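File shown here: protein-v8.cif, holding mmCIF, N, CA and C atoms.
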data_data
loop_
_atom_site.label_atom_id
_atom_site.label_comp_id
_atom_site.auth_asym_id
_atom_site.auth_seq_id
_atom_site.Cartn_x
_atom_site.Cartn_y
_atom_site.Cartn_z
N GLN A 1 -59.77 89.48 -14.78
CA GLN A 1 -59.41 89.08 -16.14
C GLN A 1 -58.74 87.72 -16.09
N VAL A 2 -59.25 86.79 -16.86
CA VAL A 2 -58.69 85.45 -16.93
C VAL A 2 -58.05 85.25 -18.30
N GLN A 3 -56.83 84.76 -18.29
CA GLN A 3 -56.17 84.42 -19.55
C GLN A 3 -55.64 83.01 -19.45
N LEU A 4 -55.74 82.30 -20.56
CA LEU A 4 -55.33 80.89 -20.61
C LEU A 4 -54.39 80.69 -21.79
N VAL A 5 -53.28 80.06 -21.53
CA VAL A 5 -52.32 79.80 -22.61
C VAL A 5 -51.97 78.32 -22.59
N GLU A 6 -52.31 77.62 -23.67
CA GLU A 6 -52.04 76.20 -23.76
C GLU A 6 -50.70 75.94 -24.42
N SER A 7 -50.14 74.79 -24.10
CA SER A 7 -48.94 74.32 -24.78
C SER A 7 -48.88 72.80 -24.62
N GLY A 8 -48.02 72.18 -25.41
CA GLY A 8 -47.79 70.76 -25.24
C GLY A 8 -48.39 69.85 -26.29
N GLY A 9 -49.12 70.39 -27.25
CA GLY A 9 -49.67 69.54 -28.29
C GLY A 9 -48.57 68.99 -29.18
N GLY A 10 -48.94 68.09 -30.07
CA GLY A 10 -47.97 67.52 -30.98
C GLY A 10 -48.51 66.29 -31.66
N SER A 11 -47.59 65.53 -32.25
CA SER A 11 -47.96 64.32 -32.98
C SER A 11 -47.31 63.10 -32.34
N VAL A 12 -48.10 62.07 -32.14
CA VAL A 12 -47.58 60.82 -31.58
C VAL A 12 -48.22 59.66 -32.32
N GLN A 13 -47.68 58.48 -32.10
CA GLN A 13 -48.29 57.27 -32.66
C GLN A 13 -49.26 56.68 -31.65
N THR A 14 -50.11 55.81 -32.13
CA THR A 14 -51.06 55.13 -31.25
C THR A 14 -50.33 54.49 -30.08
N GLY A 15 -50.89 54.69 -28.90
CA GLY A 15 -50.27 54.17 -27.69
C GLY A 15 -49.33 55.14 -27.01
N GLY A 16 -49.04 56.24 -27.68
CA GLY A 16 -48.12 57.23 -27.13
C GLY A 16 -48.76 58.13 -26.09
N SER A 17 -47.97 59.04 -25.56
CA SER A 17 -48.43 59.95 -24.51
C SER A 17 -48.05 61.39 -24.84
N LEU A 18 -48.87 62.29 -24.34
CA LEU A 18 -48.58 63.72 -24.42
C LEU A 18 -49.07 64.37 -23.14
N ARG A 19 -48.46 65.47 -22.77
CA ARG A 19 -48.95 66.25 -21.64
C ARG A 19 -49.22 67.67 -22.11
N LEU A 20 -50.45 68.09 -21.93
CA LEU A 20 -50.84 69.45 -22.26
C LEU A 20 -50.75 70.31 -21.00
N SER A 21 -50.36 71.57 -21.20
CA SER A 21 -50.28 72.51 -20.09
C SER A 21 -51.16 73.71 -20.39
N CYS A 22 -51.78 74.23 -19.34
CA CYS A 22 -52.60 75.43 -19.46
C CYS A 22 -52.16 76.39 -18.36
N ARG A 23 -51.51 77.44 -18.75
CA ARG A 23 -51.10 78.47 -17.81
C ARG A 23 -52.29 79.38 -17.56
N VAL A 24 -52.69 79.52 -16.29
CA VAL A 24 -53.91 80.26 -15.93
C VAL A 24 -53.55 81.56 -15.23
N SER A 25 -54.07 82.65 -15.76
CA SER A 25 -53.92 83.95 -15.09
C SER A 25 -55.29 84.38 -14.61
N GLY A 26 -55.37 84.78 -13.34
CA GLY A 26 -56.64 85.20 -12.78
C GLY A 26 -57.26 84.11 -11.92
N THR A 27 -58.28 84.51 -11.21
CA THR A 27 -58.96 83.60 -10.29
C THR A 27 -60.02 82.81 -11.03
N THR A 28 -60.01 81.50 -10.84
CA THR A 28 -60.97 80.64 -11.51
C THR A 28 -61.59 79.66 -10.54
N TYR A 29 -62.82 79.25 -10.82
CA TYR A 29 -63.49 78.22 -10.02
C TYR A 29 -63.12 76.84 -10.52
N CYS A 30 -63.12 76.69 -11.83
CA CYS A 30 -62.77 75.40 -12.41
C CYS A 30 -62.10 75.63 -13.76
N VAL A 31 -61.27 74.68 -14.13
CA VAL A 31 -60.57 74.70 -15.41
C VAL A 31 -60.76 73.35 -16.07
N GLY A 32 -61.03 73.38 -17.35
CA GLY A 32 -61.25 72.12 -18.04
C GLY A 32 -60.54 72.07 -19.38
N TRP A 33 -60.43 70.85 -19.86
CA TRP A 33 -59.90 70.61 -21.20
C TRP A 33 -61.04 70.12 -22.08
N PHE A 34 -61.11 70.70 -23.26
CA PHE A 34 -62.15 70.37 -24.21
C PHE A 34 -61.50 70.12 -25.56
N ARG A 35 -62.20 69.41 -26.44
CA ARG A 35 -61.66 69.20 -27.77
C ARG A 35 -62.77 69.34 -28.80
N GLN A 36 -62.34 69.72 -29.99
CA GLN A 36 -63.30 69.90 -31.08
C GLN A 36 -63.84 68.56 -31.52
N VAL A 37 -65.12 68.57 -31.84
CA VAL A 37 -65.78 67.38 -32.34
C VAL A 37 -65.82 67.47 -33.86
N PRO A 38 -65.47 66.41 -34.58
CA PRO A 38 -65.52 66.47 -36.05
C PRO A 38 -66.92 66.78 -36.54
N GLY A 39 -66.99 67.53 -37.62
CA GLY A 39 -68.28 67.87 -38.20
C GLY A 39 -68.50 69.36 -38.23
N PRO A 40 -69.63 69.79 -38.81
CA PRO A 40 -69.90 71.23 -38.92
C PRO A 40 -70.23 71.85 -37.58
N GLY A 41 -70.03 73.15 -37.47
CA GLY A 41 -70.46 73.87 -36.29
C GLY A 41 -69.42 74.09 -35.22
N LYS A 42 -68.22 73.57 -35.38
CA LYS A 42 -67.13 73.75 -34.40
C LYS A 42 -67.60 73.46 -32.98
N LYS A 43 -68.19 72.32 -32.77
CA LYS A 43 -68.64 71.95 -31.44
C LYS A 43 -67.47 71.38 -30.65
N HIS A 44 -67.62 71.47 -29.32
CA HIS A 44 -66.60 70.96 -28.43
C HIS A 44 -67.19 69.91 -27.51
N GLU A 45 -66.35 69.03 -27.04
CA GLU A 45 -66.77 68.07 -26.02
C GLU A 45 -65.85 68.18 -24.83
N GLY A 46 -66.41 68.01 -23.65
CA GLY A 46 -65.61 68.05 -22.45
C GLY A 46 -64.77 66.80 -22.32
N VAL A 47 -63.51 66.98 -21.96
CA VAL A 47 -62.58 65.87 -21.79
C VAL A 47 -62.30 65.64 -20.31
N ALA A 48 -61.88 66.68 -19.62
CA ALA A 48 -61.57 66.58 -18.19
C ALA A 48 -61.66 67.95 -17.56
N VAL A 49 -62.11 67.99 -16.31
CA VAL A 49 -62.28 69.25 -15.60
C VAL A 49 -61.79 69.08 -14.17
N ILE A 50 -61.23 70.14 -13.62
CA ILE A 50 -60.80 70.12 -12.23
C ILE A 50 -61.29 71.37 -11.52
N LEU A 51 -61.80 71.18 -10.31
CA LEU A 51 -62.12 72.32 -9.46
C LEU A 51 -60.82 72.80 -8.83
N ARG A 52 -60.56 74.10 -8.92
CA ARG A 52 -59.30 74.62 -8.43
C ARG A 52 -59.19 74.42 -6.93
N GLY A 53 -57.97 74.16 -6.48
CA GLY A 53 -57.74 73.98 -5.05
C GLY A 53 -57.80 72.54 -4.63
N GLY A 54 -57.63 71.63 -5.57
CA GLY A 54 -57.58 70.22 -5.21
C GLY A 54 -58.92 69.57 -5.03
N GLY A 55 -59.95 70.10 -5.67
CA GLY A 55 -61.28 69.53 -5.54
C GLY A 55 -61.60 68.48 -6.58
N ARG A 56 -62.87 68.40 -6.89
CA ARG A 56 -63.42 67.40 -7.78
C ARG A 56 -62.77 67.40 -9.15
N LYS A 57 -62.66 66.18 -9.72
CA LYS A 57 -62.19 66.02 -11.09
C LYS A 57 -63.22 65.20 -11.84
N ASP A 58 -63.56 65.62 -13.04
CA ASP A 58 -64.50 64.87 -13.86
C ASP A 58 -63.84 64.53 -15.19
N TYR A 59 -64.20 63.36 -15.73
CA TYR A 59 -63.64 62.92 -17.00
C TYR A 59 -64.75 62.43 -17.91
N ALA A 60 -64.55 62.63 -19.20
CA ALA A 60 -65.42 62.00 -20.18
C ALA A 60 -65.18 60.49 -20.14
N ASP A 61 -66.24 59.73 -20.38
CA ASP A 61 -66.10 58.26 -20.34
C ASP A 61 -65.03 57.77 -21.31
N SER A 62 -64.88 58.46 -22.43
CA SER A 62 -63.95 58.01 -23.46
C SER A 62 -62.49 58.14 -23.05
N VAL A 63 -62.21 58.90 -21.99
CA VAL A 63 -60.80 59.10 -21.60
C VAL A 63 -60.50 58.58 -20.19
N LYS A 64 -61.51 58.10 -19.50
CA LYS A 64 -61.28 57.60 -18.14
C LYS A 64 -60.26 56.47 -18.15
N GLY A 65 -59.32 56.55 -17.20
CA GLY A 65 -58.27 55.53 -17.13
C GLY A 65 -57.08 55.82 -18.03
N ARG A 66 -57.23 56.78 -18.95
CA ARG A 66 -56.12 57.12 -19.86
C ARG A 66 -55.62 58.54 -19.64
N PHE A 67 -56.51 59.45 -19.32
CA PHE A 67 -56.15 60.87 -19.15
C PHE A 67 -56.24 61.23 -17.67
N THR A 68 -55.35 62.13 -17.26
CA THR A 68 -55.37 62.61 -15.88
C THR A 68 -55.21 64.13 -15.88
N ILE A 69 -56.12 64.80 -15.20
CA ILE A 69 -56.01 66.25 -15.06
C ILE A 69 -55.45 66.55 -13.68
N SER A 70 -54.57 67.55 -13.63
CA SER A 70 -53.96 67.92 -12.36
C SER A 70 -53.62 69.41 -12.38
N GLU A 71 -53.24 69.93 -11.24
CA GLU A 71 -52.89 71.34 -11.18
C GLU A 71 -51.64 71.54 -10.35
N ASP A 72 -50.90 72.57 -10.70
CA ASP A 72 -49.73 73.01 -9.95
C ASP A 72 -50.02 74.45 -9.55
N ASN A 73 -50.48 74.62 -8.32
CA ASN A 73 -50.89 75.96 -7.90
C ASN A 73 -49.71 76.92 -7.81
N ALA A 74 -48.54 76.41 -7.52
CA ALA A 74 -47.37 77.29 -7.42
C ALA A 74 -47.06 77.95 -8.76
N ASN A 75 -47.35 77.21 -9.85
CA ASN A 75 -47.09 77.74 -11.19
C ASN A 75 -48.36 78.12 -11.93
N ASN A 76 -49.51 78.09 -11.24
CA ASN A 76 -50.79 78.45 -11.86
C ASN A 76 -51.00 77.72 -13.18
N THR A 77 -50.75 76.43 -13.16
CA THR A 77 -50.84 75.64 -14.38
C THR A 77 -51.71 74.41 -14.15
N VAL A 78 -52.53 74.12 -15.13
CA VAL A 78 -53.35 72.91 -15.12
C VAL A 78 -52.84 72.01 -16.24
N TYR A 79 -52.64 70.74 -15.91
CA TYR A 79 -52.08 69.80 -16.87
C TYR A 79 -53.12 68.76 -17.29
N LEU A 80 -52.94 68.24 -18.49
CA LEU A 80 -53.70 67.08 -18.92
C LEU A 80 -52.70 66.05 -19.43
N GLN A 81 -52.49 65.02 -18.63
CA GLN A 81 -51.62 63.92 -19.03
C GLN A 81 -52.45 62.93 -19.83
N MET A 82 -52.05 62.68 -21.06
CA MET A 82 -52.80 61.81 -21.94
C MET A 82 -51.94 60.60 -22.29
N ASN A 83 -52.40 59.44 -21.88
CA ASN A 83 -51.69 58.19 -22.14
C ASN A 83 -52.52 57.29 -23.04
N ASP A 84 -51.84 56.31 -23.63
CA ASP A 84 -52.52 55.33 -24.47
C ASP A 84 -53.40 56.02 -25.52
N LEU A 85 -52.82 56.96 -26.20
CA LEU A 85 -53.58 57.74 -27.17
C LEU A 85 -53.95 56.91 -28.39
N THR A 86 -55.10 57.22 -28.96
CA THR A 86 -55.59 56.56 -30.16
C THR A 86 -55.91 57.62 -31.22
N PRO A 87 -56.04 57.22 -32.48
CA PRO A 87 -56.39 58.20 -33.52
C PRO A 87 -57.68 58.95 -33.21
N GLU A 88 -58.59 58.33 -32.46
CA GLU A 88 -59.85 59.01 -32.11
C GLU A 88 -59.62 60.19 -31.17
N ASP A 89 -58.44 60.29 -30.57
CA ASP A 89 -58.13 61.43 -29.69
C ASP A 89 -57.60 62.62 -30.49
N THR A 90 -57.38 62.44 -31.78
CA THR A 90 -56.89 63.53 -32.61
C THR A 90 -57.91 64.67 -32.63
N SER A 91 -57.45 65.86 -32.30
CA SER A 91 -58.32 67.02 -32.26
C SER A 91 -57.52 68.26 -31.88
N VAL A 92 -58.18 69.40 -31.90
CA VAL A 92 -57.64 70.60 -31.28
C VAL A 92 -58.16 70.63 -29.84
N TYR A 93 -57.26 70.73 -28.90
CA TYR A 93 -57.62 70.73 -27.49
C TYR A 93 -57.56 72.15 -26.95
N TYR A 94 -58.60 72.50 -26.20
CA TYR A 94 -58.71 73.83 -25.64
C TYR A 94 -58.77 73.75 -24.12
N CYS A 95 -58.13 74.70 -23.49
CA CYS A 95 -58.27 74.91 -22.06
C CYS A 95 -59.34 75.98 -21.87
N ALA A 96 -60.22 75.77 -20.91
CA ALA A 96 -61.28 76.74 -20.65
C ALA A 96 -61.49 76.87 -19.15
N ALA A 97 -61.99 78.02 -18.75
CA ALA A 97 -62.17 78.27 -17.32
C ALA A 97 -63.47 79.01 -17.06
N SER A 98 -63.96 78.78 -15.84
CA SER A 98 -65.10 79.54 -15.36
C SER A 98 -64.71 80.23 -14.05
N ARG A 99 -65.03 81.49 -13.93
CA ARG A 99 -64.78 82.18 -12.67
C ARG A 99 -65.91 81.92 -11.68
N ALA A 100 -67.10 81.69 -12.20
CA ALA A 100 -68.26 81.47 -11.35
C ALA A 100 -68.40 79.99 -11.02
N PRO A 101 -69.02 79.68 -9.89
CA PRO A 101 -69.28 78.27 -9.56
C PRO A 101 -70.13 77.61 -10.63
N VAL A 102 -69.86 76.35 -10.85
CA VAL A 102 -70.58 75.56 -11.84
C VAL A 102 -71.17 74.34 -11.15
N ARG A 103 -72.41 74.04 -11.45
CA ARG A 103 -73.05 72.85 -10.90
C ARG A 103 -72.24 71.61 -11.28
N ASP A 104 -72.07 70.69 -10.34
CA ASP A 104 -71.25 69.49 -10.59
C ASP A 104 -71.66 68.77 -11.87
N THR A 105 -72.95 68.67 -12.10
CA THR A 105 -73.43 67.91 -13.26
C THR A 105 -73.19 68.65 -14.56
N TRP A 106 -72.78 69.91 -14.50
CA TRP A 106 -72.54 70.70 -15.70
C TRP A 106 -71.06 70.87 -16.00
N LEU A 107 -70.19 70.31 -15.20
CA LEU A 107 -68.76 70.62 -15.30
C LEU A 107 -68.18 70.32 -16.68
N LEU A 108 -68.67 69.32 -17.36
CA LEU A 108 -68.10 68.96 -18.67
C LEU A 108 -68.84 69.62 -19.83
N LEU A 109 -69.75 70.53 -19.53
CA LEU A 109 -70.48 71.22 -20.59
C LEU A 109 -69.71 72.44 -21.08
N PRO A 110 -69.31 72.49 -22.34
CA PRO A 110 -68.55 73.64 -22.84
C PRO A 110 -69.27 74.97 -22.66
N SER A 111 -70.58 74.96 -22.72
CA SER A 111 -71.35 76.21 -22.72
C SER A 111 -71.24 76.99 -21.41
N VAL A 112 -70.81 76.35 -20.32
CA VAL A 112 -70.74 77.08 -19.05
C VAL A 112 -69.41 77.78 -18.86
N TYR A 113 -68.49 77.58 -19.79
CA TYR A 113 -67.16 78.17 -19.66
C TYR A 113 -67.07 79.46 -20.46
N THR A 114 -66.56 80.50 -19.81
CA THR A 114 -66.58 81.84 -20.41
C THR A 114 -65.21 82.29 -20.90
N HIS A 115 -64.16 81.58 -20.52
CA HIS A 115 -62.82 81.97 -20.94
C HIS A 115 -62.15 80.77 -21.60
N TRP A 116 -61.57 81.03 -22.78
CA TRP A 116 -60.99 79.94 -23.57
C TRP A 116 -59.59 80.32 -24.03
N GLY A 117 -58.74 79.29 -24.11
CA GLY A 117 -57.43 79.47 -24.69
C GLY A 117 -57.49 79.38 -26.21
N GLN A 118 -56.32 79.42 -26.83
CA GLN A 118 -56.27 79.47 -28.29
C GLN A 118 -56.30 78.08 -28.93
N GLY A 119 -56.08 77.05 -28.13
CA GLY A 119 -56.13 75.69 -28.65
C GLY A 119 -54.76 75.17 -29.03
N THR A 120 -54.60 73.86 -28.91
CA THR A 120 -53.35 73.22 -29.31
C THR A 120 -53.70 71.90 -30.01
N GLN A 121 -53.02 71.64 -31.11
CA GLN A 121 -53.34 70.47 -31.94
C GLN A 121 -52.69 69.21 -31.37
N VAL A 122 -53.49 68.16 -31.29
CA VAL A 122 -53.00 66.83 -30.93
C VAL A 122 -53.34 65.89 -32.08
N THR A 123 -52.32 65.24 -32.61
CA THR A 123 -52.51 64.32 -33.72
C THR A 123 -51.94 62.97 -33.36
N VAL A 124 -52.78 61.94 -33.47
CA VAL A 124 -52.36 60.58 -33.16
C VAL A 124 -52.48 59.75 -34.42
N SER A 125 -51.37 59.19 -34.86
CA SER A 125 -51.37 58.40 -36.08
C SER A 125 -51.44 56.91 -35.74
N ALA A 126 -52.01 56.17 -36.68
CA ALA A 126 -52.19 54.73 -36.47
C ALA A 126 -50.86 53.99 -36.56
#
Could the structure of this file be written out as structure tokens, please?
Amino acid sequence: QVQLVESGGGSVQTGGSLRLSCRVSGTTYCVGWFRQVPGPGKKHEGVAVILRGGGRKDYADSVKGRFTISEDNANNTVYLQMNDLTPEDTSVYYCAASRAPVRDTWLLLPSVYTHWGQGTQVTVSA
């Protein structure tokens, strides 16, 4: 059984920073951060993913150089440090995990993740 609990969302101004936390219960292969895409259908886009145990990290092009994903195995927590935030980063951010191995080229695809947290709102004002 995998459970994910996010925290750390909030409101900041452009250029500000936030750190999201995802407390992970259970064994997982990879954990990622995703955010809702504006428009109908409640679609998500991959933001950053980490293979548990200090492995590969993948980032969406739109956040490279600004966001950093990391893990604290002692506390079973995955973090997303978000710097230089812009209004385009405003969204509900979700932590998601897969227990099964995922092909490297699929790591940022929301559809391969079977466990999701409840989401946390991030709002960036101009």
Residue contacts of A:Trp33 (6.5 Å, only N, CA and C atoms) excluding same-chain residues fewer than 3 positions away, as a PyMOL selection string: chain A and resi 45-50+93-96
Okay, now the selection with N, CA and C atoms, as a tab-separated table (two decimals), in the coordinates of the input?
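Contents of the output file selection36.tsv:
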chain	number	residue	atom	x	y	z
A	45	GLU	N	-66.35	69.03	-27.04
A	45	GLU	CA	-66.77	68.07	-26.02
A	45	GLU	C	-65.85	68.18	-24.83
A	46	GLY	N	-66.41	68.01	-23.65
A	46	GLY	CA	-65.61	68.05	-22.45
A	46	GLY	C	-64.77	66.80	-22.32
A	47	VAL	N	-63.51	66.98	-21.96
A	47	VAL	CA	-62.58	65.87	-21.79
A	47	VAL	C	-62.30	65.64	-20.31
A	48	ALA	N	-61.88	66.68	-19.62
A	48	ALA	CA	-61.57	66.58	-18.19
A	48	ALA	C	-61.66	67.95	-17.56
A	49	VAL	N	-62.11	67.99	-16.31
A	49	VAL	CA	-62.28	69.25	-15.60
A	49	VAL	C	-61.79	69.08	-14.17
A	50	ILE	N	-61.23	70.14	-13.62
A	50	ILE	CA	-60.80	70.12	-12.23
A	50	ILE	C	-61.29	71.37	-11.52
A	93	TYR	N	-57.26	70.73	-28.90
A	93	TYR	CA	-57.62	70.73	-27.49
A	93	TYR	C	-57.56	72.15	-26.95
A	94	TYR	N	-58.60	72.50	-26.20
A	94	TYR	CA	-58.71	73.83	-25.64
A	94	TYR	C	-58.77	73.75	-24.12
A	95	CYS	N	-58.13	74.70	-23.49
A	95	CYS	CA	-58.27	74.91	-22.06
A	95	CYS	C	-59.34	75.98	-21.87
A	96	ALA	N	-60.22	75.77	-20.91
A	96	ALA	CA	-61.28	76.74	-20.65
A	96	ALA	C	-61.49	76.87	-19.15
Who sits within 7 Å of A:Val112, only N, CA and C atoms, same chain under 3 positions skipped, as a list in words: Ala97, Ser98, Trp106, Leu109 and His115 of chain A
Residues flagged helix (DSSP H, G or I) by DSSP in chain A, as a PyMOL selection string: chain A and resi 73-75+87-89+104-106+110-112
Separation of atom CA of A:Gln1 from atom CA of A:Asn76 in Å: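 Going from atom CA of A:Asn76 over to atom CA of A:Gln1, I get 14.3 Å.
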Per-residue DSSP, stretch 4-124 of chain A, filtered to strand (DSSP E), as an MDAnalysis selection string: chainID A and resid 4:7 10:13 18:25 30:36 44:51 57:59 67:72 77:82 91:98 115:116 120:124
Length of the atom CA of A:Tyr79 to atom CA of A:Pro40 vector [Å]: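 If I compute the distance from atom CA of A:Tyr79 to atom CA of A:Pro40, I get 28.4 Å.
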Selection under test: the PyMOL selection byres ((chain A and resi 78) around 6.5); residues as a PDB file with N, CA and C atoms, keeping the file's coordinate frame:
ATOM      1  N   LEU A  20     -50.450  68.090 -21.930  1.00  0.00           N
ATOM      2  CA  LEU A  20     -50.840  69.450 -22.260  1.00  0.00           C
ATOM      3  C   LEU A  20     -50.750  70.310 -21.000  1.00  0.00           C
ATOM      4  N   SER A  21     -50.360  71.570 -21.200  1.00  0.00           N
ATOM      5  CA  SER A  21     -50.280  72.510 -20.090  1.00  0.00           C
ATOM      6  C   SER A  21     -51.160  73.710 -20.390  1.00  0.00           C
ATOM      7  N   CYS A  22     -51.780  74.230 -19.340  1.00  0.00           N
ATOM      8  CA  CYS A  22     -52.600  75.430 -19.460  1.00  0.00           C
ATOM      9  C   CYS A  22     -52.160  76.390 -18.360  1.00  0.00           C
ATOM     10  N   ARG A  23     -51.510  77.440 -18.750  1.00  0.00           N
ATOM     11  CA  ARG A  23     -51.100  78.470 -17.810  1.00  0.00           C
ATOM     12  C   ARG A  23     -52.290  79.380 -17.560  1.00  0.00           C
ATOM     13  N   VAL A  24     -52.690  79.520 -16.290  1.00  0.00           N
ATOM     14  CA  VAL A  24     -53.910  80.260 -15.930  1.00  0.00           C
ATOM     15  C   VAL A  24     -53.550  81.560 -15.230  1.00  0.00           C
ATOM     16  N   SER A  70     -54.570  67.550 -13.630  1.00  0.00           N
ATOM     17  CA  SER A  70     -53.960  67.920 -12.360  1.00  0.00           C
ATOM     18  C   SER A  70     -53.620  69.410 -12.380  1.00  0.00           C
ATOM     19  N   GLU A  71     -53.240  69.930 -11.240  1.00  0.00           N
ATOM     20  CA  GLU A  71     -52.890  71.340 -11.180  1.00  0.00           C
ATOM     21  C   GLU A  71     -51.640  71.540 -10.350  1.00  0.00           C
ATOM     22  N   ASP A  72     -50.900  72.570 -10.700  1.00  0.00           N
ATOM     23  CA  ASP A  72     -49.730  73.010  -9.950  1.00  0.00           C
ATOM     24  C   ASP A  72     -50.020  74.450  -9.550  1.00  0.00           C
ATOM     25  N   ASN A  76     -49.510  78.090 -11.240  1.00  0.00           N
ATOM     26  CA  ASN A  76     -50.790  78.450 -11.860  1.00  0.00           C
ATOM     27  C   ASN A  76     -51.000  77.720 -13.180  1.00  0.00           C
ATOM     28  N   THR A  77     -50.750  76.430 -13.160  1.00  0.00           N
ATOM     29  CA  THR A  77     -50.840  75.640 -14.380  1.00  0.00           C
ATOM     30  C   THR A  77     -51.710  74.410 -14.150  1.00  0.00           C
ATOM     31  N   TYR A  79     -52.640  70.740 -15.910  1.00  0.00           N
ATOM     32  CA  TYR A  79     -52.080  69.800 -16.870  1.00  0.00           C
ATOM     33  C   TYR A  79     -53.120  68.760 -17.290  1.00  0.00           C
ATOM     34  N   LEU A  80     -52.940  68.240 -18.490  1.00  0.00           N
ATOM     35  CA  LEU A  80     -53.700  67.080 -18.920  1.00  0.00           C
ATOM     36  C   LEU A  80     -52.700  66.050 -19.430  1.00  0.00           C
TER      37      LEU A  80
END
Hey, can I get the axis-aligned box for stretch 55-72 of chain A? All listed atoms, 8 Å padding on each side, centre and edge lengths in Å to one decimal, as lines of an AutoDock Vina configuration file.
center_x = -58.0
center_y = 65.0
center_z = -14.5
size_x = 32.5
size_y = 34.9
size_z = 33.9
Picked residues, the PyMOL selection byres (((chain A and resi 66 and name CA) around 8) and name CA), as a list in words: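 Output of the PyMOL selection byres (((chain A and resi 66 and name CA) around 8) and name CA): Val63, Lys64, Gly65, Phe67, Thr68, Met82, Asn83, Asp84 and Leu85 of chain A.
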One-decimal distance in Å that lies between atom CA of A:Asp58 and atom CA of A:Val12: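 So the two atoms, atom CA of A:Val12 and atom CA of A:Asp58, lie 24.8 Å apart.
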Matched chain/residue IDs from the PyMOL selection byres ((chain A and resi 86) around 6.5), as a list in words: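 For this structure, the PyMOL selection byres ((chain A and resi 86) around 6.5) resolves to Gln13, Thr14, Gly15, Gly16, Asn83, Asp84, Leu85, Pro87, Glu88, Asp89, Thr90, Val124 and Ser125 of chain A.
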Residues within 5 Å of A:Gln121, all atoms listed in the file, excluding chain neighbours under 3 positions, as a ChimeraX atom specification: /A:9-10,91-93
Pick out the residues sitting within 6 Å of A:Ser25, and hand them over as a PDB file with N, CA and C atoms, keeping the file's coordinate frame; count all atoms listed in the file, and ignore anything fewer than 3 positions along from it in its own chain.
ATOM      1  N   GLN A   1     -59.770  89.480 -14.780  1.00  0.00           N
ATOM      2  CA  GLN A   1     -59.410  89.080 -16.140  1.00  0.00           C
ATOM      3  C   GLN A   1     -58.740  87.720 -16.090  1.00  0.00           C
ATOM      4  N   VAL A   2     -59.250  86.790 -16.860  1.00  0.00           N
ATOM      5  CA  VAL A   2     -58.690  85.450 -16.930  1.00  0.00           C
ATOM      6  C   VAL A   2     -58.050  85.250 -18.300  1.00  0.00           C
ATOM      7  N   GLN A   3     -56.830  84.760 -18.290  1.00  0.00           N
ATOM      8  CA  GLN A   3     -56.170  84.420 -19.550  1.00  0.00           C
ATOM      9  C   GLN A   3     -55.640  83.010 -19.450  1.00  0.00           C
ATOM     10  N   LEU A   4     -55.740  82.300 -20.560  1.00  0.00           N
ATOM     11  CA  LEU A   4     -55.330  80.890 -20.610  1.00  0.00           C
ATOM     12  C   LEU A   4     -54.390  80.690 -21.790  1.00  0.00           C
TER      13      LEU A   4
END
